[in-house]
>>> print(open('structure_17.cif').read())   # mmCIF, C-alpha atoms (C1' of nucleotides)
data_target
loop_
_atom_site.label_atom_id
_atom_site.label_comp_id
_atom_site.auth_asym_id
_atom_site.auth_seq_id
_atom_site.Cartn_x
_atom_site.Cartn_y
_atom_site.Cartn_z
CA MET A 1 33.82 -10.64 9.19
CA ASP A 2 30.12 -10.43 9.86
CA SER A 3 30.27 -14.01 11.02
CA LYS A 4 27.03 -13.65 12.95
CA ILE A 5 25.13 -12.71 9.88
CA VAL A 6 26.74 -15.26 7.63
CA ASN A 7 26.41 -18.21 9.97
CA LEU A 8 22.91 -17.81 11.27
CA ARG A 9 20.16 -19.21 9.10
CA SER A 10 17.64 -16.90 10.68
CA LYS A 11 14.25 -15.92 9.45
CA MET A 12 15.49 -12.42 8.74
CA GLU A 13 18.09 -13.78 6.37
CA VAL A 14 15.63 -16.02 4.66
CA TYR A 15 13.38 -13.04 4.01
CA ASN A 16 16.33 -11.21 2.59
CA ALA A 17 17.27 -14.19 0.46
CA ILE A 18 13.74 -14.54 -0.86
CA SER A 19 13.68 -11.00 -1.98
CA GLY A 20 16.42 -11.70 -4.47
CA GLY A 21 17.17 -8.43 -6.16
CA GLY A 22 16.61 -6.36 -3.07
CA ASN A 23 12.97 -5.80 -3.80
CA PHE A 24 12.04 -7.36 -0.49
CA ALA A 25 8.34 -7.07 -1.26
CA ASP A 26 7.79 -10.82 -1.02
CA CYS A 27 8.61 -11.10 2.66
CA PRO A 28 5.35 -12.56 3.96
CA VAL A 29 5.57 -11.01 7.37
CA ARG A 30 6.26 -7.54 6.06
CA ASP A 31 3.49 -7.91 3.54
CA VAL A 32 0.91 -8.78 6.16
CA ILE A 33 2.20 -6.68 9.05
CA GLN A 34 2.22 -3.54 6.93
CA GLY A 35 -1.53 -3.82 6.56
CA VAL A 36 -2.06 -3.96 10.30
CA SER A 37 0.61 -1.47 11.24
CA GLY A 38 -1.19 1.61 10.05
CA LYS A 39 -2.04 4.23 12.59
CA TRP A 40 -5.74 3.41 12.60
CA SER A 41 -5.93 -0.22 11.49
CA SER A 42 -5.58 -1.87 14.87
CA LEU A 43 -8.02 0.55 16.44
CA LEU A 44 -10.68 -0.16 13.83
CA MET A 45 -10.06 -3.89 14.11
CA MET A 46 -10.64 -3.58 17.86
CA ALA A 47 -13.91 -1.83 17.28
CA LEU A 48 -15.17 -4.22 14.62
CA ALA A 49 -14.10 -7.22 16.69
CA GLU A 50 -16.87 -6.35 19.11
CA HIS A 51 -19.63 -6.18 16.54
CA PRO A 52 -20.32 -4.63 13.15
CA TYR A 53 -20.40 -0.86 12.96
CA ARG A 54 -21.65 1.64 10.46
CA PHE A 55 -19.47 4.30 8.95
CA GLY A 56 -20.81 7.14 11.04
CA GLU A 57 -20.68 5.04 14.20
CA LEU A 58 -17.00 4.35 13.68
CA ARG A 59 -16.40 8.02 13.09
CA ARG A 60 -18.02 8.92 16.39
CA LEU A 61 -16.27 6.07 18.16
CA VAL A 62 -12.85 7.29 17.05
CA PRO A 63 -13.36 11.01 17.07
CA ASP A 64 -9.89 12.02 16.01
CA ILE A 65 -9.81 10.06 12.79
CA SER A 66 -10.44 12.10 9.69
CA GLN A 67 -13.17 10.97 7.38
CA ARG A 68 -10.60 10.55 4.67
CA MET A 69 -8.47 8.17 6.70
CA LEU A 70 -11.49 6.24 7.92
CA THR A 71 -12.58 5.64 4.37
CA GLN A 72 -9.12 4.67 3.27
CA THR A 73 -8.27 2.43 6.22
CA LEU A 74 -11.57 0.57 5.88
CA TYR A 75 -10.89 0.19 2.18
CA ASP A 76 -7.46 -1.27 2.86
CA LEU A 77 -8.80 -3.65 5.50
CA GLN A 78 -11.49 -4.73 3.09
CA ARG A 79 -8.96 -5.27 0.34
CA ASP A 80 -6.87 -7.50 2.57
CA GLY A 81 -9.93 -9.59 3.37
CA TYR A 82 -10.31 -8.62 7.02
CA VAL A 83 -13.43 -6.53 6.69
CA HIS A 84 -16.72 -7.00 4.89
CA ARG A 85 -18.57 -3.96 3.59
CA GLU A 86 -22.32 -4.17 3.07
CA VAL A 87 -24.55 -1.45 1.74
CA PHE A 88 -28.19 -1.43 2.84
CA PRO A 89 -30.59 0.37 0.49
CA THR A 90 -32.24 2.36 3.22
CA LYS A 91 -32.85 6.05 2.85
CA PRO A 92 -30.35 7.46 3.24
CA PRO A 93 -28.33 4.34 2.45
CA SER A 94 -26.38 2.88 5.31
CA VAL A 95 -23.11 0.98 5.12
CA GLU A 96 -22.14 -1.63 7.63
CA TYR A 97 -18.62 -2.87 8.22
CA SER A 98 -17.95 -6.21 9.88
CA LEU A 99 -15.04 -8.58 10.37
CA THR A 100 -14.74 -11.56 8.07
CA ASP A 101 -13.58 -14.94 9.31
CA LEU A 102 -10.09 -14.00 8.25
CA GLY A 103 -10.48 -10.76 10.14
CA HIS A 104 -11.55 -12.53 13.31
CA SER A 105 -8.67 -14.95 12.92
CA MET A 106 -6.18 -12.12 12.51
CA PHE A 107 -7.67 -10.22 15.40
CA SER A 108 -7.20 -13.12 17.77
CA ALA A 109 -3.48 -12.85 17.08
CA LEU A 110 -3.53 -9.08 17.32
CA HIS A 111 -5.41 -9.45 20.56
CA GLN A 112 -2.32 -10.84 22.28
CA LEU A 113 -0.51 -7.62 21.52
CA ILE A 114 -3.45 -5.57 22.73
CA LEU A 115 -3.59 -7.47 25.99
CA TRP A 116 0.13 -6.95 26.44
CA ALA A 117 -0.32 -3.25 25.80
CA GLU A 118 -2.99 -3.02 28.48
CA LEU A 119 -0.89 -4.88 31.01
CA ASN A 120 2.37 -3.10 30.32
CA HIS A 121 1.26 0.40 29.55
CA ASP A 122 2.71 1.71 32.77
CA ALA A 123 6.06 0.06 32.18
CA VAL A 124 6.31 1.70 28.78
CA ARG A 125 5.28 5.06 30.11
CA ASN A 126 7.85 4.82 32.87
CA ALA A 127 10.57 3.82 30.44
CA ARG A 128 9.68 6.77 28.29
CA ALA A 129 9.71 9.19 31.21
CA GLY A 130 13.03 7.87 32.46
CA PHE A 131 14.57 8.09 29.02
CA ASP A 132 13.37 11.62 28.48
CA ALA A 133 14.75 12.59 31.90
CA THR A 134 18.28 11.46 31.02
CA GLN A 135 18.13 13.08 27.61
CA ALA A 136 17.03 16.43 28.97
CA MET B 1 -30.88 6.04 18.21
CA ASP B 2 -27.36 4.69 18.33
CA SER B 3 -28.58 2.20 20.88
CA LYS B 4 -25.69 -0.12 20.15
CA ILE B 5 -23.15 2.49 21.06
CA VAL B 6 -24.99 3.77 24.08
CA ASN B 7 -25.76 0.41 25.61
CA LEU B 8 -22.52 -1.43 25.19
CA ARG B 9 -19.89 -0.88 27.84
CA SER B 10 -17.14 -1.86 25.46
CA LYS B 11 -13.46 -1.22 25.70
CA MET B 12 -13.70 1.22 22.87
CA GLU B 13 -16.15 3.32 24.80
CA VAL B 14 -14.06 3.20 27.91
CA TYR B 15 -11.10 4.50 25.95
CA ASN B 16 -13.24 7.27 24.64
CA ALA B 17 -14.54 8.05 28.10
CA ILE B 18 -11.06 8.14 29.57
CA SER B 19 -9.94 10.65 27.03
CA GLY B 20 -12.36 13.17 28.41
CA GLY B 21 -12.09 16.23 26.22
CA GLY B 22 -11.55 14.27 23.07
CA ASN B 23 -7.79 14.23 23.43
CA PHE B 24 -7.76 10.46 23.33
CA ALA B 25 -4.04 10.32 24.04
CA ASP B 26 -4.48 8.39 27.27
CA CYS B 27 -5.86 5.28 25.63
CA PRO B 28 -3.30 2.72 26.79
CA VAL B 29 -3.63 0.51 23.77
CA ARG B 30 -3.21 3.33 21.33
CA ASP B 31 -0.27 4.63 23.25
CA VAL B 32 1.58 1.34 23.15
CA ILE B 33 0.43 0.09 19.76
CA GLN B 34 1.53 3.29 18.06
CA GLY B 35 5.10 2.53 19.03
CA VAL B 36 5.01 -0.89 17.45
CA SER B 37 2.95 0.04 14.45
CA GLY B 38 5.61 1.97 12.63
CA LYS B 39 6.69 0.70 9.27
CA TRP B 40 10.01 -0.61 10.55
CA SER B 41 9.45 -1.26 14.25
CA SER B 42 8.19 -4.81 14.00
CA LEU B 43 10.89 -5.74 11.53
CA LEU B 44 13.65 -4.46 13.79
CA MET B 45 12.07 -6.16 16.79
CA MET B 46 12.14 -9.41 14.83
CA ALA B 47 15.80 -8.99 14.07
CA LEU B 48 16.82 -8.04 17.60
CA ALA B 49 14.72 -10.87 19.06
CA GLU B 50 17.24 -13.30 17.55
CA HIS B 51 20.30 -11.67 19.04
CA PRO B 52 21.86 -8.23 19.40
CA TYR B 53 22.89 -6.46 16.26
CA ARG B 54 25.10 -3.53 15.48
CA PHE B 55 23.90 -0.50 13.57
CA GLY B 56 25.57 -1.43 10.31
CA GLU B 57 24.46 -5.03 10.59
CA LEU B 58 20.84 -3.95 10.90
CA ARG B 59 21.29 -1.69 7.93
CA ARG B 60 22.55 -4.56 5.81
CA LEU B 61 19.89 -6.91 7.17
CA VAL B 62 17.09 -4.56 6.14
CA PRO B 63 18.51 -3.09 2.98
CA ASP B 64 15.61 -0.86 2.08
CA ILE B 65 15.54 1.11 5.31
CA SER B 66 17.11 4.53 5.13
CA GLN B 67 19.82 5.34 7.61
CA ARG B 68 17.67 8.15 8.90
CA MET B 69 14.71 5.90 9.66
CA LEU B 70 16.94 3.24 11.19
CA THR B 71 18.38 5.79 13.59
CA GLN B 72 14.99 7.17 14.43
CA THR B 73 13.16 3.87 14.83
CA LEU B 74 15.89 2.51 17.09
CA TYR B 75 15.72 5.73 19.09
CA ASP B 76 11.97 5.36 19.52
CA LEU B 77 12.26 1.70 20.50
CA GLN B 78 14.92 2.65 23.00
CA ARG B 79 12.78 5.42 24.39
CA ASP B 80 9.88 3.05 24.95
CA GLY B 81 12.18 0.70 26.83
CA TYR B 82 12.22 -2.14 24.31
CA VAL B 83 15.78 -1.73 23.12
CA HIS B 84 19.09 -1.21 24.90
CA ARG B 85 21.82 0.77 23.16
CA GLU B 86 25.41 0.18 24.15
CA VAL B 87 28.47 1.94 22.76
CA PHE B 88 31.76 0.05 22.76
CA PRO B 89 34.89 2.23 22.71
CA THR B 90 36.55 0.32 19.91
CA LYS B 91 38.14 2.08 17.01
CA PRO B 92 36.06 2.95 15.21
CA PRO B 93 33.44 2.85 17.98
CA SER B 94 30.73 0.26 17.57
CA VAL B 95 27.17 0.45 18.82
CA GLU B 96 25.19 -2.62 19.75
CA TYR B 97 21.42 -2.77 20.00
CA SER B 98 19.69 -5.49 22.00
CA LEU B 99 16.24 -6.21 23.38
CA THR B 100 15.55 -5.42 27.01
CA ASP B 101 13.41 -7.69 29.16
CA LEU B 102 10.46 -5.49 28.34
CA GLY B 103 11.37 -5.81 24.68
CA HIS B 104 11.46 -9.59 24.86
CA SER B 105 8.16 -9.57 26.69
CA MET B 106 6.56 -7.38 24.08
CA PHE B 107 8.02 -9.43 21.28
CA SER B 108 6.47 -12.62 22.59
CA ALA B 109 3.08 -10.96 22.11
CA LEU B 110 4.04 -9.54 18.75
CA HIS B 111 5.27 -12.99 17.81
CA GLN B 112 1.69 -14.30 17.72
CA LEU B 113 0.90 -11.80 15.02
CA ILE B 114 4.05 -12.69 13.11
CA LEU B 115 3.19 -16.38 13.22
CA TRP B 116 -0.30 -15.59 12.00
CA ALA B 117 1.16 -13.56 9.18
CA GLU B 118 3.36 -16.44 8.09
CA LEU B 119 0.49 -18.91 8.18
CA ASN B 120 -2.07 -16.72 6.45
CA HIS B 121 0.01 -14.82 3.98
CA ASP B 122 -1.55 -16.67 1.06
CA ALA B 123 -5.07 -16.02 2.27
CA VAL B 124 -4.38 -12.31 2.46
CA ARG B 125 -2.74 -12.26 -0.94
CA ASN B 126 -5.69 -14.10 -2.43
CA ALA B 127 -8.17 -11.74 -0.83
CA ARG B 128 -6.24 -8.82 -2.21
CA ALA B 129 -6.09 -10.29 -5.70
CA GLY B 130 -9.79 -11.11 -5.66
CA PHE B 131 -10.69 -7.65 -4.46
CA ASP B 132 -8.57 -5.95 -7.08
CA ALA B 133 -10.17 -8.12 -9.74
CA THR B 134 -13.69 -6.98 -8.88
CA GLN B 135 -12.63 -3.35 -8.62
CA ALA B 136 -10.95 -3.34 -12.01
"C1'" DA C 1 48.30 11.67 1.44
"C1'" DG C 2 44.66 8.83 0.21
"C1'" DT C 3 41.09 5.24 1.25
"C1'" DG C 4 38.00 2.82 4.14
"C1'" DC C 5 35.20 1.79 8.12
"C1'" DT C 6 32.34 3.32 12.05
"C1'" DG C 7 27.55 5.50 13.37
"C1'" DG C 8 25.44 8.82 12.63
"C1'" DT C 9 23.35 14.08 11.10
"C1'" DC C 10 21.72 17.53 7.57
"C1'" DT C 11 19.20 18.91 3.62
"C1'" DC C 12 16.05 18.26 -0.07
"C1'" DT C 13 12.24 15.90 -2.40
"C1'" DT C 14 8.42 12.91 -2.42
"C1'" DT C 15 4.76 10.57 -0.10
"C1'" DT C 16 1.38 10.27 3.51
"C1'" DT C 17 -1.74 12.32 6.60
"C1'" DG C 18 -4.84 15.80 8.53
"C1'" DA C 19 -8.47 19.60 8.17
"C1'" DG C 20 -12.23 20.83 6.22
"C1'" DA C 21 -15.29 22.23 2.26
"C1'" DC C 22 -18.41 20.07 -0.78
"C1'" DC C 23 -21.69 16.46 -2.91
"C1'" DG C 24 -26.50 14.11 -4.22
"C1'" DA C 25 -30.49 11.81 -2.64
"C1'" DC C 26 -33.90 11.55 0.42
"C1'" DA C 27 -36.84 12.67 5.02
"C1'" DC C 28 -38.71 15.66 8.02
"C1'" DT C 29 -40.26 20.31 9.32
"C1'" DA C 30 -42.20 24.83 9.00
"C1'" DT D 1 -42.52 24.56 -0.87
"C1'" DA D 2 -38.32 25.95 0.91
"C1'" DG D 3 -35.14 24.99 4.48
"C1'" DT D 4 -32.58 21.79 7.40
"C1'" DG D 5 -30.57 17.42 8.67
"C1'" DT D 6 -28.50 12.62 7.83
"C1'" DC D 7 -26.14 9.37 5.20
"C1'" DG D 8 -21.41 7.97 3.32
"C1'" DG D 9 -18.45 9.51 1.09
"C1'" DT D 10 -14.91 12.58 -2.43
"C1'" DC D 11 -11.94 16.70 -3.40
"C1'" DT D 12 -8.54 20.13 -2.44
"C1'" DC D 13 -4.98 22.14 0.07
"C1'" DA D 14 -1.66 22.46 3.96
"C1'" DA D 15 1.20 20.05 7.29
"C1'" DA D 16 3.75 16.21 8.77
"C1'" DA D 17 6.42 12.13 7.95
"C1'" DA D 18 9.42 9.34 5.25
"C1'" DG D 19 12.95 8.40 1.58
"C1'" DA D 20 17.45 9.59 -0.96
"C1'" DG D 21 21.66 10.81 -0.57
"C1'" DA D 22 25.51 14.13 0.60
"C1'" DC D 23 28.34 15.04 4.40
"C1'" DC D 24 30.94 14.55 8.99
"C1'" DA D 25 34.84 13.29 12.60
"C1'" DG D 26 38.03 9.91 14.21
"C1'" DC D 27 41.03 6.47 13.58
"C1'" DA D 28 43.59 2.35 10.88
"C1'" DC D 29 45.90 0.76 7.15
"C1'" DT D 30 48.63 1.50 2.81
#
>>> encode(input="structure_17.cif", output="C-alpha cells")
Amino acid sequence: MDSKIVNLRSKMEVYNAISGGGNFADCPVRDVIQGVSGKWSSLLMMALAEHPYRFGELRRLVPDISQRMLTQTLYDLQRDGYVHREVFPTKPPSVEYSLTDLGHSMFSALHQLILWAELNHDAVRNARAGFDATQA
Amino acid sequence: MDSKIVNLRSKMEVYNAISGGGNFADCPVRDVIQGVSGKWSSLLMMALAEHPYRFGELRRLVPDISQRMLTQTLYDLQRDGYVHREVFPTKPPSVEYSLTDLGHSMFSALHQLILWAELNHDAVRNARAGFDATQA
DNA sequence: AGTGCTGGTCTCTTTTTGAGACCGACACTA
DNA sequence: TAGTGTCGGTCTCAAAAAGAGACCAGCACT
C-alpha cells in the first residue's frame, strides 16, 4: 500500500524526513518560499528591483497596501536579507529601501515567475472563467 | 517632486495606470502571482510536479496542512487551470490530482525560485540570524 | 454490529490582515 | 506666532483568513 510514496525518493519525502518529529520547519524551500509568498512581498520586490524607493513612494506606488502591511512586509524582507533600509537625517527624515545583492539574486529567480505570469495571464483567466461556468 | 516616479515608465507604473480607478485588480502579475503565493500552493505544486497524487496521499505528504486548507488550495489551483481533478469510481471512491499542461508550464517557472531557495537557504538563514541579533 | 477507509464539509477558535486614527519633529505660511 | 503639511511610522479595533478537530455517507471486511 502507498507504494508510490514509499518507493520514490523524491524531494518532498526528503523534506518530510528532515523534519523528523513532524515539525517540518527545516524544509529549506518552505522556509525561503514563505518569505516571498506573502501577498505584498513579490510586488514590493518588483518595485525595488527597478531602483530604490522611499517609504512614501512605495505607498503611492501600491495604493491598496495599508501602511501597516507596508511597514511589516518591508521589515520581513529586510530581516531575510533581501532589502536594505537606510535612514537619511534630512528634515523630516527620509527612509530609503533598496535591494541587497541577495535581493537582486532572489529577484532574478522570481522574475521567471513574473514573466510567466505576464505571458500566461490570459490562459489563467480563461481557465478560471471556464471553471466558474461549469460550477455555476 | 517625485521626479523618479513621474519620469520612469516602469512596469509598476503601467500596472497602476491600467487599474484606472485604483482598483488595481487587473494587474496581470498580481492576478497570477496571488494564486501561487498562498502558503500551501507552491508546496502542492512541487508535489504534483513529480507525479499525480491522491487526496489522502497529499495529506500524508504534507502533514501539517489541515484538511480544510488542502481541499481549498487544490480547489483554487484547479480553478486557475493548474491542476486536474479526477474521480475514480472505486469503492471507496478515490480522487486523483495531477498537473495540467498549464500547471507544468507554470511550475517550470516556479522551479527557478525553488532552486534558488535550495541554493541560498543558508544565506537567508544567516541574514535572519544577524538581523535578529542586532534587533535584540 | 462494529471498525476502517475514502474524500470531504461544518463549526469554533486563533491568527493575520485591513482601515484608519494618532504621533513627534521640523518647515513653510499667514 | 499659530496653523498646516510632510515624513515614516505605531496603535487600536474590526474583518477576513487559516488552523483544529468533530462529523458525514458509502461501502468492505470481520
>>> resolve_selection(input="structure_17.cif", expression="the PyMOL selection byres ((chain A) within 6 of (chain B))", output="ChimeraX atom specification")
/A:28-29,32,37,79-81,109-110,112-113,117-118,121,124,127-128,131
>>> atom_distance(input="structure_17.cif", atom1="atom CA of Leu99 of chain A", atom2="atom CA of Met45 of chain A")
7.8 Å
>>> resolve_selection(input="structure_17.cif", expression="the PyMOL selection byres ((chain D) within 12 of (chain B))", output="VMD selection string")
chain D and resid 17 to 21 25 to 28
>>> write_last_selection(input="structure_17.cif", atoms="C-alpha atoms (C1' of nucleotides)", output="PDB file, keeping the file's coordinate frame")
ATOM      1  C1'  DA D  17       6.420  12.130   7.950  1.00  0.00           C
ATOM      2  C1'  DA D  18       9.420   9.340   5.250  1.00  0.00           C
ATOM      3  C1'  DG D  19      12.950   8.400   1.580  1.00  0.00           C
ATOM      4  C1'  DA D  20      17.450   9.590  -0.960  1.00  0.00           C
ATOM      5  C1'  DG D  21      21.660  10.810  -0.570  1.00  0.00           C
ATOM      6  C1'  DA D  25      34.840  13.290  12.600  1.00  0.00           C
ATOM      7  C1'  DG D  26      38.030   9.910  14.210  1.00  0.00           C
ATOM      8  C1'  DC D  27      41.030   6.470  13.580  1.00  0.00           C
ATOM      9  C1'  DA D  28      43.590   2.350  10.880  1.00  0.00           C
TER      10       DA D  28
END
>>> resolve_selection(input="structure_17.cif", expression="the PyMOL selection byres ((chain C) within 9 of (chain A))", output="JSON list (two decimals) with C-alpha atoms (C1' of nucleotides), in the frame of the given file")
[["chain", "number", "residue", "atom", "x", "y", "z"],
["C", 17, "DT", "C1'", -1.74, 12.32, 6.60],
["C", 18, "DG", "C1'", -4.84, 15.80, 8.53],
["C", 19, "DA", "C1'", -8.47, 19.60, 8.17],
["C", 25, "DA", "C1'", -30.49, 11.81, -2.64],
["C", 26, "DC", "C1'", -33.90, 11.55, 0.42],
["C", 27, "DA", "C1'", -36.84, 12.67, 5.02]]
>>> calpha_fit_and_write(input="structure_17.cif", fixed="chain B", moving="chain A", output="short mmCIF file (atom, residue, chain, number, x, y, z; two decimals) with C-alpha atoms, in the frame of the given file")
data_model
loop_
_atom_site.label_atom_id
_atom_site.label_comp_id
_atom_site.auth_asym_id
_atom_site.auth_seq_id
_atom_site.Cartn_x
_atom_site.Cartn_y
_atom_site.Cartn_z
CA MET A 1 -30.81 6.19 18.31
CA ASP A 2 -27.33 4.77 18.37
CA SER A 3 -28.55 2.25 20.89
CA LYS A 4 -25.65 -0.08 20.14
CA ILE A 5 -23.13 2.51 21.09
CA VAL A 6 -24.97 3.75 24.13
CA ASN A 7 -25.75 0.36 25.61
CA LEU A 8 -22.50 -1.47 25.17
CA ARG A 9 -19.90 -0.89 27.84
CA SER A 10 -17.15 -1.89 25.47
CA LYS A 11 -13.47 -1.25 25.72
CA MET A 12 -13.67 1.20 22.85
CA GLU A 13 -16.14 3.31 24.76
CA VAL A 14 -14.09 3.20 27.89
CA TYR A 15 -11.09 4.49 25.96
CA ASN A 16 -13.24 7.25 24.61
CA ALA A 17 -14.56 8.04 28.07
CA ILE A 18 -11.08 8.14 29.54
CA SER A 19 -9.96 10.63 27.02
CA GLY A 20 -12.38 13.17 28.40
CA GLY A 21 -12.02 16.24 26.27
CA GLY A 22 -11.43 14.33 23.08
CA ASN A 23 -7.70 14.28 23.50
CA PHE A 24 -7.70 10.51 23.41
CA ALA A 25 -3.98 10.37 24.09
CA ASP A 26 -4.43 8.40 27.30
CA CYS A 27 -5.84 5.30 25.66
CA PRO A 28 -3.29 2.72 26.79
CA VAL A 29 -3.63 0.50 23.79
CA ARG A 30 -3.22 3.31 21.31
CA ASP A 31 -0.28 4.64 23.25
CA VAL A 32 1.57 1.34 23.14
CA ILE A 33 0.43 0.08 19.75
CA GLN A 34 1.52 3.28 18.04
CA GLY A 35 5.09 2.54 19.03
CA VAL A 36 5.00 -0.89 17.45
CA SER A 37 2.93 0.05 14.44
CA GLY A 38 5.60 1.96 12.62
CA LYS A 39 6.69 0.69 9.26
CA TRP A 40 10.02 -0.61 10.53
CA SER A 41 9.46 -1.27 14.23
CA SER A 42 8.19 -4.82 13.99
CA LEU A 43 10.90 -5.74 11.51
CA LEU A 44 13.66 -4.46 13.78
CA MET A 45 12.08 -6.17 16.78
CA MET A 46 12.15 -9.42 14.80
CA ALA A 47 15.80 -8.98 14.06
CA LEU A 48 16.81 -8.04 17.59
CA ALA A 49 14.72 -10.86 19.04
CA GLU A 50 17.22 -13.27 17.55
CA HIS A 51 20.29 -11.67 19.05
CA PRO A 52 21.85 -8.24 19.43
CA TYR A 53 22.90 -6.46 16.27
CA ARG A 54 25.11 -3.52 15.50
CA PHE A 55 23.92 -0.51 13.59
CA GLY A 56 25.60 -1.42 10.34
CA GLU A 57 24.47 -5.04 10.62
CA LEU A 58 20.86 -3.96 10.91
CA ARG A 59 21.29 -1.71 7.92
CA ARG A 60 22.57 -4.58 5.81
CA LEU A 61 19.91 -6.91 7.17
CA VAL A 62 17.12 -4.56 6.12
CA PRO A 63 18.54 -3.09 2.97
CA ASP A 64 15.63 -0.86 2.08
CA ILE A 65 15.55 1.10 5.30
CA SER A 66 17.14 4.50 5.12
CA GLN A 67 19.81 5.33 7.61
CA ARG A 68 17.66 8.13 8.88
CA MET A 69 14.72 5.88 9.65
CA LEU A 70 16.94 3.23 11.19
CA THR A 71 18.37 5.76 13.58
CA GLN A 72 14.98 7.16 14.42
CA THR A 73 13.16 3.85 14.81
CA LEU A 74 15.90 2.51 17.08
CA TYR A 75 15.71 5.72 19.08
CA ASP A 76 11.96 5.36 19.50
CA LEU A 77 12.24 1.70 20.50
CA GLN A 78 14.91 2.64 22.99
CA ARG A 79 12.77 5.42 24.39
CA ASP A 80 9.87 3.05 24.94
CA GLY A 81 12.15 0.68 26.82
CA TYR A 82 12.21 -2.15 24.30
CA VAL A 83 15.77 -1.74 23.12
CA HIS A 84 19.06 -1.22 24.89
CA ARG A 85 21.79 0.76 23.16
CA GLU A 86 25.41 0.18 24.16
CA VAL A 87 28.42 1.95 22.78
CA PHE A 88 31.74 0.09 22.79
CA PRO A 89 34.84 2.30 22.72
CA THR A 90 36.51 0.39 19.95
CA LYS A 91 38.08 2.16 17.02
CA PRO A 92 35.98 3.06 15.24
CA PRO A 93 33.38 2.90 18.01
CA SER A 94 30.72 0.28 17.61
CA VAL A 95 27.15 0.44 18.85
CA GLU A 96 25.18 -2.62 19.75
CA TYR A 97 21.42 -2.78 20.01
CA SER A 98 19.68 -5.50 22.00
CA LEU A 99 16.23 -6.22 23.38
CA THR A 100 15.54 -5.45 27.01
CA ASP A 101 13.40 -7.70 29.16
CA LEU A 102 10.46 -5.50 28.33
CA GLY A 103 11.36 -5.82 24.68
CA HIS A 104 11.46 -9.60 24.86
CA SER A 105 8.15 -9.59 26.70
CA MET A 106 6.55 -7.38 24.07
CA PHE A 107 8.01 -9.43 21.27
CA SER A 108 6.47 -12.62 22.58
CA ALA A 109 3.09 -10.97 22.11
CA LEU A 110 4.05 -9.56 18.74
CA HIS A 111 5.26 -12.99 17.79
CA GLN A 112 1.70 -14.31 17.70
CA LEU A 113 0.89 -11.80 15.01
CA ILE A 114 4.04 -12.69 13.10
CA LEU A 115 3.20 -16.37 13.21
CA TRP A 116 -0.30 -15.60 11.98
CA ALA A 117 1.16 -13.55 9.15
CA GLU A 118 3.37 -16.44 8.08
CA LEU A 119 0.51 -18.91 8.16
CA ASN A 120 -2.06 -16.72 6.45
CA HIS A 121 0.00 -14.81 3.96
CA ASP A 122 -1.54 -16.67 1.07
CA ALA A 123 -5.07 -16.03 2.27
CA VAL A 124 -4.38 -12.31 2.44
CA ARG A 125 -2.75 -12.26 -0.95
CA ASN A 126 -5.69 -14.11 -2.45
CA ALA A 127 -8.17 -11.76 -0.83
CA ARG A 128 -6.25 -8.84 -2.22
CA ALA A 129 -6.12 -10.31 -5.72
CA GLY A 130 -9.81 -11.13 -5.68
CA PHE A 131 -10.71 -7.67 -4.46
CA ASP A 132 -8.59 -5.97 -7.07
CA ALA A 133 -10.18 -8.16 -9.75
CA THR A 134 -13.71 -7.00 -8.89
CA GLN A 135 -12.64 -3.39 -8.64
CA ALA A 136 -10.95 -3.39 -12.02
#
>>> atom_distance(input="structure_17.cif", atom1="atom CA of Leu74 of chain A", atom2="atom C1' of DC11 of chain D")
18.6 Å
>>> residues_near_point(input="structure_17.cif", point="(33.0, 16.2, 9.0)", cutoff="12 Å", atoms="only C-alpha atoms (C1' of nucleotides)", output="number ranges by chain")
C: 8-10; D: 22-26
